[in-house]
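*Asks:* Following this line is my_file.cif, made up of mmCIF, C-alpha atoms and all ligand atoms:
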data_run
loop_
_atom_site.label_atom_id
_atom_site.label_comp_id
_atom_site.auth_asym_id
_atom_site.auth_seq_id
_atom_site.Cartn_x
_atom_site.Cartn_y
_atom_site.Cartn_z
CA MET A 19 11.36 -19.43 -0.96
CA LYS A 20 14.23 -17.36 -2.34
CA LEU A 21 14.97 -13.95 -0.88
CA VAL A 22 17.77 -11.41 -0.52
CA ARG A 23 19.23 -10.31 2.80
CA LEU A 24 21.64 -7.40 3.14
CA ARG A 25 24.48 -8.08 5.54
CA ALA A 26 25.96 -5.21 7.61
CA PRO A 27 27.65 -2.87 6.97
CA GLY A 28 26.20 -2.96 3.43
CA GLY A 29 27.80 -2.95 -0.03
CA LEU A 30 26.82 -4.76 -3.22
CA ASP A 31 28.94 -7.76 -2.21
CA ARG A 32 26.91 -7.97 1.04
CA LEU A 33 23.64 -8.80 -0.78
CA GLU A 34 23.09 -12.45 0.10
CA LEU A 35 20.70 -14.76 -1.77
CA ALA A 36 19.00 -16.99 0.85
CA GLU A 37 16.48 -19.86 0.94
CA GLU A 38 13.93 -19.89 3.78
CA TYR A 39 10.46 -21.22 4.64
CA PRO A 40 7.60 -18.91 3.58
CA PRO A 41 5.88 -17.04 6.45
CA LYS A 42 2.26 -17.68 7.50
CA PRO A 43 -0.31 -14.85 7.73
CA GLY A 44 -1.61 -14.01 11.21
CA PRO A 45 -4.78 -12.02 11.95
CA GLY A 46 -4.95 -8.92 9.72
CA ASP A 47 -2.07 -10.05 7.48
CA VAL A 48 -1.78 -10.91 3.80
CA LEU A 49 0.67 -13.39 2.30
CA VAL A 50 1.81 -12.12 -1.11
CA ARG A 51 3.80 -13.98 -3.77
CA ILE A 52 6.03 -11.13 -4.94
CA ARG A 53 6.63 -11.30 -8.70
CA ALA A 54 8.47 -8.01 -9.30
CA CYS A 55 10.30 -5.21 -7.48
CA SER A 56 11.79 -1.90 -8.56
CA LEU A 57 14.79 0.07 -7.32
CA ASN A 58 14.94 3.58 -5.89
CA MET A 59 17.71 5.95 -4.90
CA ARG A 60 17.00 5.34 -1.21
CA ASP A 61 17.45 1.58 -1.74
CA ASP A 62 20.74 2.34 -3.48
CA PHE A 63 21.87 4.40 -0.46
CA ALA A 64 20.86 1.58 1.89
CA VAL A 65 22.43 -1.23 -0.12
CA GLN A 66 25.69 0.73 -0.49
CA GLY A 67 25.75 1.15 3.31
CA LYS A 68 25.36 4.96 3.13
CA THR A 69 22.18 4.78 5.26
CA PRO A 70 22.88 1.58 7.20
CA LEU A 71 20.18 -1.05 7.71
CA ALA A 72 19.92 -3.71 10.41
CA ASP A 73 22.07 -6.77 9.64
CA GLY A 74 20.11 -9.25 7.50
CA ARG A 75 17.37 -6.80 6.49
CA VAL A 76 15.45 -7.79 3.33
CA PRO A 77 15.80 -4.66 1.15
CA LEU A 78 13.39 -2.80 -1.18
CA SER A 79 10.10 -0.98 -0.62
CA ASP A 80 8.55 -1.37 -4.08
CA GLY A 81 7.03 -4.75 -4.93
CA ALA A 82 4.03 -6.27 -6.65
CA GLY A 83 2.51 -9.72 -6.90
CA GLU A 84 -0.46 -11.88 -6.09
CA VAL A 85 -2.27 -12.45 -2.78
CA ILE A 86 -1.89 -16.12 -1.79
CA ALA A 87 -3.69 -16.14 1.57
CA VAL A 88 -5.23 -13.70 4.03
CA GLY A 89 -5.44 -13.83 7.83
CA SER A 90 -8.64 -13.50 9.82
CA GLY A 91 -10.32 -10.10 9.63
CA VAL A 92 -8.94 -9.15 6.20
CA GLU A 93 -11.79 -8.07 3.94
CA ALA A 94 -10.28 -5.57 1.48
CA LEU A 95 -8.04 -8.15 -0.25
CA LYS A 96 -8.56 -11.78 -1.20
CA PRO A 97 -6.46 -14.61 -2.66
CA GLY A 98 -5.80 -14.00 -6.36
CA ASP A 99 -5.82 -10.19 -6.12
CA HIS A 100 -2.94 -8.45 -7.88
CA VAL A 101 -1.42 -5.99 -5.43
CA VAL A 102 1.34 -3.40 -5.05
CA SER A 103 3.15 -2.44 -1.85
CA VAL A 104 2.58 0.83 0.03
CA PHE A 105 5.62 2.91 1.09
CA TYR A 106 4.17 4.10 4.43
CA PRO A 107 1.76 1.31 5.47
CA PHE A 108 0.68 3.23 8.60
CA TRP A 109 0.06 6.57 6.83
CA LEU A 110 -3.43 5.79 5.67
CA ASN A 111 -4.62 9.27 4.65
CA GLY A 112 -4.56 12.97 5.53
CA ASP A 113 -1.40 14.63 6.83
CA MET A 114 1.64 12.63 7.85
CA THR A 115 2.41 12.48 11.59
CA PRO A 116 5.46 11.04 13.40
CA SER A 117 3.45 7.94 14.27
CA THR A 118 2.23 7.30 10.72
CA ARG A 119 5.67 7.69 9.11
CA ARG A 120 7.29 5.22 11.47
CA ASP A 121 7.60 2.07 9.37
CA VAL A 122 8.86 1.56 5.83
CA PRO A 123 9.40 -1.86 4.20
CA GLY A 124 13.04 -2.51 3.39
CA ASP A 125 14.05 -0.04 6.07
CA SER A 126 12.57 -0.44 9.57
CA PHE A 127 11.18 -3.91 8.73
CA ASP A 128 11.87 -6.51 6.05
CA GLY A 129 11.12 -5.37 2.50
CA VAL A 130 9.93 -7.04 -0.66
CA ALA A 131 13.07 -8.59 -2.22
CA SER A 132 11.58 -11.98 -1.36
CA GLU A 133 9.36 -14.48 -3.20
CA TYR A 134 6.83 -14.41 -0.33
CA VAL A 135 6.13 -11.59 2.10
CA CYS A 136 3.67 -11.45 4.95
CA MET A 137 2.58 -7.97 6.05
CA PRO A 138 -0.47 -6.20 7.50
CA ALA A 139 -3.08 -5.98 4.70
CA GLN A 140 -2.80 -2.17 4.66
CA ALA A 141 0.79 -2.55 3.36
CA PHE A 142 -0.70 -3.33 -0.09
CA THR A 143 -3.30 -1.81 -2.41
CA LYS A 144 -4.80 -3.37 -5.51
CA ALA A 145 -2.67 -2.90 -8.64
CA PRO A 146 -3.99 -0.97 -11.68
CA ASP A 147 -6.26 -2.94 -14.04
CA GLY A 148 -4.35 -4.86 -16.69
CA TYR A 149 -0.93 -4.02 -15.28
CA THR A 150 1.78 -6.69 -15.34
CA HIS A 151 3.48 -7.28 -11.98
CA VAL A 152 6.59 -5.48 -13.27
CA GLU A 153 4.52 -2.43 -14.24
CA ALA A 154 2.77 -2.40 -10.85
CA ALA A 155 6.09 -2.68 -9.00
CA THR A 156 7.17 0.72 -10.39
CA LEU A 157 4.51 2.68 -8.51
CA THR A 158 5.13 2.57 -4.74
CA CYS A 159 7.78 5.25 -4.25
CA THR A 160 8.40 7.49 -7.26
CA ALA A 161 4.92 7.46 -8.84
CA VAL A 162 3.18 8.27 -5.54
CA THR A 163 5.76 11.02 -4.92
CA ALA A 164 5.06 12.61 -8.33
CA TRP A 165 1.31 12.28 -7.71
CA ARG A 166 1.46 13.91 -4.28
CA GLY A 167 3.80 16.68 -5.48
CA LEU A 168 1.79 17.62 -8.54
CA VAL A 169 -1.80 16.62 -7.83
CA VAL A 170 -2.34 16.48 -4.05
CA CYS A 171 -0.14 19.41 -2.95
CA GLY A 172 0.28 21.21 -6.31
CA LYS A 173 -3.39 20.95 -7.31
CA VAL A 174 -2.35 21.03 -10.98
CA LYS A 175 -5.10 22.19 -13.31
CA LEU A 176 -5.90 22.32 -17.02
CA GLY A 177 -3.64 24.78 -18.81
CA ASP A 178 -0.92 24.91 -16.11
CA THR A 179 2.73 24.67 -17.15
CA VAL A 180 4.79 22.06 -15.31
CA LEU A 181 8.60 21.94 -15.35
CA VAL A 182 10.13 18.51 -14.71
CA LEU A 183 13.88 18.17 -14.12
CA GLY A 184 15.93 15.34 -15.63
CA THR A 185 14.66 11.94 -16.66
CA GLY A 186 14.50 10.14 -13.32
CA SER A 187 11.36 8.16 -12.53
CA VAL A 188 9.78 10.87 -10.38
CA SER A 189 10.06 13.30 -13.30
CA LEU A 190 8.75 10.79 -15.89
CA PHE A 191 5.69 9.99 -13.75
CA ALA A 192 5.12 13.73 -13.15
CA LEU A 193 5.27 14.32 -16.92
CA GLN A 194 2.62 11.65 -17.51
CA PHE A 195 0.33 12.90 -14.70
CA ALA A 196 0.71 16.51 -15.91
CA LYS A 197 -0.28 15.58 -19.48
CA ALA A 198 -3.24 13.55 -18.18
CA ALA A 199 -4.32 16.63 -16.19
CA GLY A 200 -4.29 18.79 -19.34
CA ALA A 201 -1.11 20.69 -18.43
CA ARG A 202 1.78 21.78 -20.64
CA VAL A 203 5.14 20.18 -19.81
CA ILE A 204 8.66 21.58 -20.12
CA ALA A 205 11.24 18.86 -19.46
CA THR A 206 15.02 18.96 -19.05
CA SER A 207 17.78 16.41 -19.52
CA SER A 208 21.55 16.29 -19.90
CA SER A 209 21.20 13.94 -22.89
CA GLU A 210 19.97 14.81 -26.39
CA GLU A 211 18.78 11.23 -26.88
CA LYS A 212 16.72 11.39 -23.67
CA LEU A 213 15.28 14.78 -24.71
CA GLU A 214 13.94 13.09 -27.84
CA ARG A 215 12.38 10.35 -25.75
CA LEU A 216 10.80 13.00 -23.49
CA GLY A 217 9.18 14.47 -26.61
CA ARG A 218 7.78 11.06 -27.54
CA LEU A 219 6.37 10.76 -24.00
CA GLY A 220 4.46 14.02 -24.46
CA ALA A 221 6.80 16.84 -23.32
CA ASP A 222 5.77 20.03 -25.14
CA ALA A 223 9.22 21.65 -24.90
CA THR A 224 12.63 20.40 -23.79
CA ILE A 225 15.88 22.00 -22.58
CA ASN A 226 19.33 20.46 -22.28
CA TYR A 227 20.33 21.61 -18.77
CA LYS A 228 24.03 20.95 -19.44
CA ALA A 229 24.09 22.97 -22.68
CA VAL A 230 21.87 25.72 -21.20
CA PRO A 231 23.11 26.43 -17.65
CA ASP A 232 20.49 29.20 -17.27
CA TRP A 233 17.69 26.70 -17.94
CA GLY A 234 15.41 28.34 -15.36
CA ARG A 235 15.39 31.53 -17.46
CA ALA A 236 14.96 29.43 -20.64
CA ALA A 237 11.89 27.70 -19.11
CA ARG A 238 10.45 31.09 -18.11
CA ASP A 239 11.03 32.37 -21.67
CA LEU A 240 9.03 29.39 -22.97
CA THR A 241 6.04 30.79 -21.03
CA ASP A 242 6.30 34.28 -22.59
CA GLY A 243 7.96 35.48 -19.39
CA ARG A 244 5.10 34.51 -17.07
CA GLY A 245 6.93 31.59 -15.44
CA VAL A 246 5.87 28.01 -14.84
CA ASP A 247 3.10 27.06 -12.41
CA HIS A 248 4.85 24.00 -10.93
CA VAL A 249 8.37 22.67 -10.66
CA ILE A 250 9.05 19.04 -9.78
CA GLU A 251 12.31 19.84 -7.97
CA VAL A 252 14.41 16.68 -7.77
CA GLY A 253 17.90 18.19 -8.11
CA GLY A 254 18.50 19.98 -4.80
CA PRO A 255 21.37 22.43 -4.24
CA ALA A 256 22.51 22.66 -7.88
CA THR A 257 19.01 23.21 -9.28
CA LEU A 258 16.89 25.04 -6.69
CA ALA A 259 17.93 28.58 -7.67
CA GLN A 260 17.11 27.87 -11.34
CA SER A 261 13.78 26.30 -10.31
CA ILE A 262 12.92 29.52 -8.41
CA THR A 263 13.87 31.58 -11.50
CA ALA A 264 11.58 29.42 -13.64
CA CYS A 265 8.52 29.92 -11.37
CA ARG A 266 5.73 32.40 -11.97
CA THR A 267 4.70 34.76 -9.16
CA GLY A 268 2.71 32.53 -6.81
CA GLY A 269 4.12 29.40 -8.46
CA HIS A 270 4.61 26.06 -6.71
CA ILE A 271 7.76 24.02 -6.14
CA ALA A 272 7.36 20.39 -5.07
CA LEU A 273 10.62 19.90 -3.15
CA ILE A 274 11.47 16.25 -3.62
CA GLY A 275 15.00 15.27 -4.49
CA VAL A 276 18.63 15.44 -3.50
CA LEU A 277 20.32 14.34 -6.74
CA THR A 278 23.05 16.98 -6.28
CA GLY A 279 23.36 17.03 -2.48
CA PHE A 280 21.53 17.86 0.73
CA ALA A 281 22.22 21.50 1.69
CA ALA A 282 21.36 24.48 -0.52
CA GLU A 283 21.79 28.23 -0.29
CA VAL A 284 18.60 29.99 -1.40
CA SER A 285 17.69 33.62 -1.96
CA ILE A 286 14.94 34.25 0.59
CA PRO A 287 13.83 37.51 -1.14
CA ALA A 288 13.50 35.61 -4.46
CA LEU A 289 11.05 33.30 -2.66
CA PHE A 290 8.99 35.83 -0.70
CA SER A 291 8.90 38.60 -3.28
CA ASN A 292 7.59 36.10 -5.84
CA GLN A 293 5.26 34.49 -3.28
CA ILE A 294 6.53 31.05 -4.20
CA ARG A 295 4.92 28.13 -2.45
CA ILE A 296 7.32 25.31 -1.53
CA ASN A 297 5.91 21.95 -0.50
CA GLY A 298 8.22 19.36 1.01
CA ILE A 299 7.15 15.96 -0.29
CA SER A 300 7.78 12.64 1.41
CA ILE A 301 6.22 10.02 -0.89
CA GLY A 302 2.51 9.89 0.02
CA SER A 303 -0.20 8.14 1.97
CA ARG A 304 -2.00 4.89 1.19
CA ALA A 305 -5.03 6.95 0.11
CA ASP A 306 -2.79 8.93 -2.29
CA GLN A 307 -1.70 5.61 -3.84
CA GLU A 308 -5.30 4.45 -4.26
CA ASP A 309 -6.31 7.79 -5.84
CA MET A 310 -3.32 7.63 -8.18
CA ILE A 311 -4.18 4.08 -9.24
CA ARG A 312 -7.74 5.19 -10.04
CA ALA A 313 -6.28 7.95 -12.24
CA ILE A 314 -3.92 5.47 -13.93
CA ASP A 315 -6.88 3.18 -14.69
CA VAL A 316 -9.06 5.95 -16.11
CA ASN A 317 -6.26 7.46 -18.22
CA HIS A 318 -4.67 4.13 -19.27
CA LEU A 319 -1.22 5.33 -18.19
CA LYS A 320 1.73 2.95 -18.40
CA PRO A 321 5.06 3.39 -16.57
CA VAL A 322 8.38 3.68 -18.39
CA ILE A 323 10.46 0.58 -17.69
CA ASP A 324 14.17 0.72 -18.41
CA ARG A 325 15.42 -2.81 -17.72
CA ARG A 326 14.52 -6.02 -15.87
CA PHE A 327 16.91 -8.30 -13.98
CA PRO A 328 16.27 -11.66 -12.26
CA LEU A 329 16.36 -11.49 -8.43
CA ARG A 330 19.70 -13.34 -8.32
CA ASP A 331 21.26 -10.44 -10.31
CA ILE A 332 20.20 -7.77 -7.79
CA ALA A 333 23.79 -6.47 -7.47
CA ALA A 334 24.01 -6.03 -11.27
CA ALA A 335 20.66 -4.21 -11.19
CA PHE A 336 22.02 -1.77 -8.60
CA ARG A 337 25.21 -1.29 -10.65
CA HIS A 338 23.08 -0.47 -13.69
CA TYR A 339 20.96 1.94 -11.62
CA GLY A 340 24.06 3.60 -10.15
CA ALA A 341 25.49 4.30 -13.62
CA GLN A 342 22.55 6.77 -14.04
CA LYS A 343 22.10 5.92 -17.74
CA HIS A 344 18.60 4.55 -17.20
CA PHE A 345 15.39 6.03 -18.58
CA GLY A 346 12.53 4.73 -16.43
CA LYS A 347 12.43 2.13 -13.70
CA VAL A 348 15.02 -0.57 -13.12
CA CYS A 349 13.11 -3.70 -12.07
CA LEU A 350 13.66 -7.18 -10.67
CA GLU A 351 11.58 -10.22 -11.62
CA LEU A 352 10.99 -12.99 -9.10
N1 LIG B 401 10.98 13.17 -1.31
C1 LIG B 401 10.52 12.02 -1.76
O1 LIG B 401 9.44 11.55 -1.36
C2 LIG B 401 11.25 11.28 -2.82
C3 LIG B 401 10.70 10.13 -3.41
C4 LIG B 401 11.38 9.52 -4.46
C5 LIG B 401 12.62 10.02 -4.87
N2 LIG B 401 13.13 11.10 -4.22
C6 LIG B 401 14.41 11.69 -4.65
O2 LIG B 401 14.16 12.35 -5.90
C7 LIG B 401 15.32 12.29 -6.70
C8 LIG B 401 14.97 11.67 -8.04
O3 LIG B 401 14.58 10.33 -7.84
P1 LIG B 401 14.36 9.38 -9.09
O4 LIG B 401 13.95 8.06 -8.58
O5 LIG B 401 13.51 10.06 -10.07
O6 LIG B 401 15.88 9.28 -9.55
P2 LIG B 401 16.57 8.58 -10.74
O7 LIG B 401 15.60 7.78 -11.54
O8 LIG B 401 17.78 7.88 -10.23
O9 LIG B 401 17.06 9.90 -11.56
C9 LIG B 401 18.23 9.91 -12.29
C10 LIG B 401 18.18 11.11 -13.24
O10 LIG B 401 18.22 12.34 -12.55
C11 LIG B 401 18.65 13.33 -13.45
N3 LIG B 401 19.55 14.28 -12.83
C12 LIG B 401 20.73 14.06 -12.21
N4 LIG B 401 21.31 15.23 -11.88
C13 LIG B 401 20.48 16.21 -12.33
C14 LIG B 401 20.54 17.62 -12.34
N5 LIG B 401 21.57 18.29 -11.83
N6 LIG B 401 19.51 18.30 -12.90
C15 LIG B 401 18.46 17.66 -13.42
N7 LIG B 401 18.36 16.30 -13.48
C16 LIG B 401 19.37 15.60 -12.93
C17 LIG B 401 19.37 12.63 -14.60
O11 LIG B 401 18.57 12.85 -15.77
P3 LIG B 401 19.25 13.02 -17.22
O12 LIG B 401 20.06 11.78 -17.44
O13 LIG B 401 18.09 13.13 -18.11
O14 LIG B 401 20.07 14.27 -17.17
C18 LIG B 401 19.38 11.16 -14.14
O15 LIG B 401 19.26 10.28 -15.21
C19 LIG B 401 16.36 11.52 -5.88
O16 LIG B 401 17.16 12.43 -5.18
C20 LIG B 401 15.52 10.71 -4.91
O17 LIG B 401 16.23 10.40 -3.74
C21 LIG B 401 12.50 11.73 -3.22
#
Just dump the structure as structure tokens.

*Replies:*
Amino acid sequence: MKLVRLRAPGGLDRLELAEEYPPKPGPGDVLVRIRACSLNMRDDFAVQGKTPLADGRVPLSDGAGEVIAVGSGVEALKPGDHVVSVFYPFWLNGDMTPSTRRDVPGDSFDGVASEYVCMPAQAFTKAPDGYTHVEAATLTCTAVTAWRGLVVCGKVKLGDTVLVLGTGSVSLFALQFAKAAGARVIATSSSEEKLERLGRLGADATINYKAVPDWGRAARDLTDGRGVDHVIEVGGPATLAQSITACRTGGHIALIGVLTGFAAEVSIPALFSNQIRINGISIGSRADQEDMIRAIDVNHLKPVIDRRFPLRDIAAAFRHYGAQKHFGKVCLEL
């Protein structure tokens, strides 16, 4: 089988295409023929050596394919099932604990950039009905994050207004889930062309955050001054103050991303006097993924896919992702 291993200390030129024997499933395992993967910012950090991985680690957390064989004791999955990987295989449901967040594919153990992977069965769920493998491979990290931020923690409801920032995958999935939940969506982008595409995806109003630096106020104005009910906050230090401005009294911020850095200065009175609820989001549990997939099936949602690359062009795929021109997921086909 073909696979990719990342050699220490990382860097795109340290992604090595290898040929090895496929693994065999032990008790409780599934053997999956991976057909597609997708890239995330955390993979980009790892592959560039910014968050170093063990030498020879197979990268990537997001993958989808077909079950080839199951080990003894596996009942939930069977050969032929189309499946998608789970980000935290040991966080089955409920609240995250230190022991359930311990292992992540492509990080603390080998990931899915490999034609065959053998993992405990709980590291996969069934894929949505009728999804291609590429479509399914988009869901593990950013879709589950948007779902947990908006639906599980945000408890979005009919008639709410949701503000999504930029056109990264978390924001595009949040837009789709918000529309499916009967909410109104205000979306931002730095690109006029992407703003048009956001409109075609269902955004009710759009703001160019480069042209309108006070976009938090602009979003609030679009709600007749009431403020938005939810912000999908992916920007970090450069966006958090505007996200707080955009929120209604008692509004909710799903704190997710670090697109502009890691440390922010915030006005504590602006938070407490407006009773703003901030939820830190770290992807989601296996049960969150299963719930999300049920919602995708019922609402016939399809992910936005930007571009596909063959596995051997993984470095080119990361270069494309790093240029930040994409709209939707950057995927690999195996
Ligand atoms: N906490 C978690 O569980 C979790 C899970 C997944 C991802 N994340 C984080 O969430 C963030 C987004 O992830 P993603 O996968 O959606 O990223 P992505 O697909 O790489 O997002 C890229 C887009 O972000 C937008 N952006 C960049 N700077 C911005 C700014 N100052 N204001 C608003 N938008 C800005 C740009 O949109 P335009 O081109 O339209 O301007 C850009 O195209 C990342 O920091 C990622 O690490 C966190």

*Asks:* Which one is closest to ligand LIG 401 (chain B): A:Gly254, A:Pro321, A:Gly184, A:Pro287? Count only C-alpha atoms and all ligand atoms.

*Replies:* A:Gly184

*Asks:* My list of candidates is A:Gly28, A:Ala237, A:Arg53, A:Glu211. Which is closest to Ala155 of chain A when distances are computed with only C-alpha atoms?

*Replies:*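 Nearest candidate to Ala155 of chain A out of A:Gly28, A:Ala237, A:Arg53, A:Glu211: A:Arg53.
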
*Asks:* So that I can check the surroundings of segment 103-110 of chain A, please list as number ranges by chain every protein, DNA and RNA residue that reaches within 6 Å of it, counting all atoms listed in the file and ignoring chain neighbours fewer than 2 positions away.

*Replies:* A: 80-81, 118, 122, 140-142, 158, 303-305

*Asks:* To one decimal in Å, tell me the separation between atom CA of Pro41 of chain A and atom CA of Val348 of chain A.

*Replies:* 27.2 Å

*Asks:* Please determine, counting all atoms listed in the file, which residue among A:Met310, A:Val182, A:Ala161, A:Leu219 has the shortest atom-to-atom distance to Ala205 of chain A.

*Replies:* A:Val182

*Asks:* Padding 4 Å on each side, edges along x, y and z: where is the centre of the box around the listed atoms of ligand LIG 401 (chain B), and how long are its edges in Å to one decimal? Output it as AutoDock Vina command-line options.

*Replies:*
--center_x 15.5 --center_y 13.0 --center_z -9.7 --size_x 20.1 --size_y 18.5 --size_z 24.8

*Asks:* Which residues are near Val162 of chain A? Cut-off 8 Å, all atoms listed in the file, ignore same chain within fewer than 6 positions. Put them as a PyMOL selection string.

*Replies:* chain A and resi 301-302+306-307+310
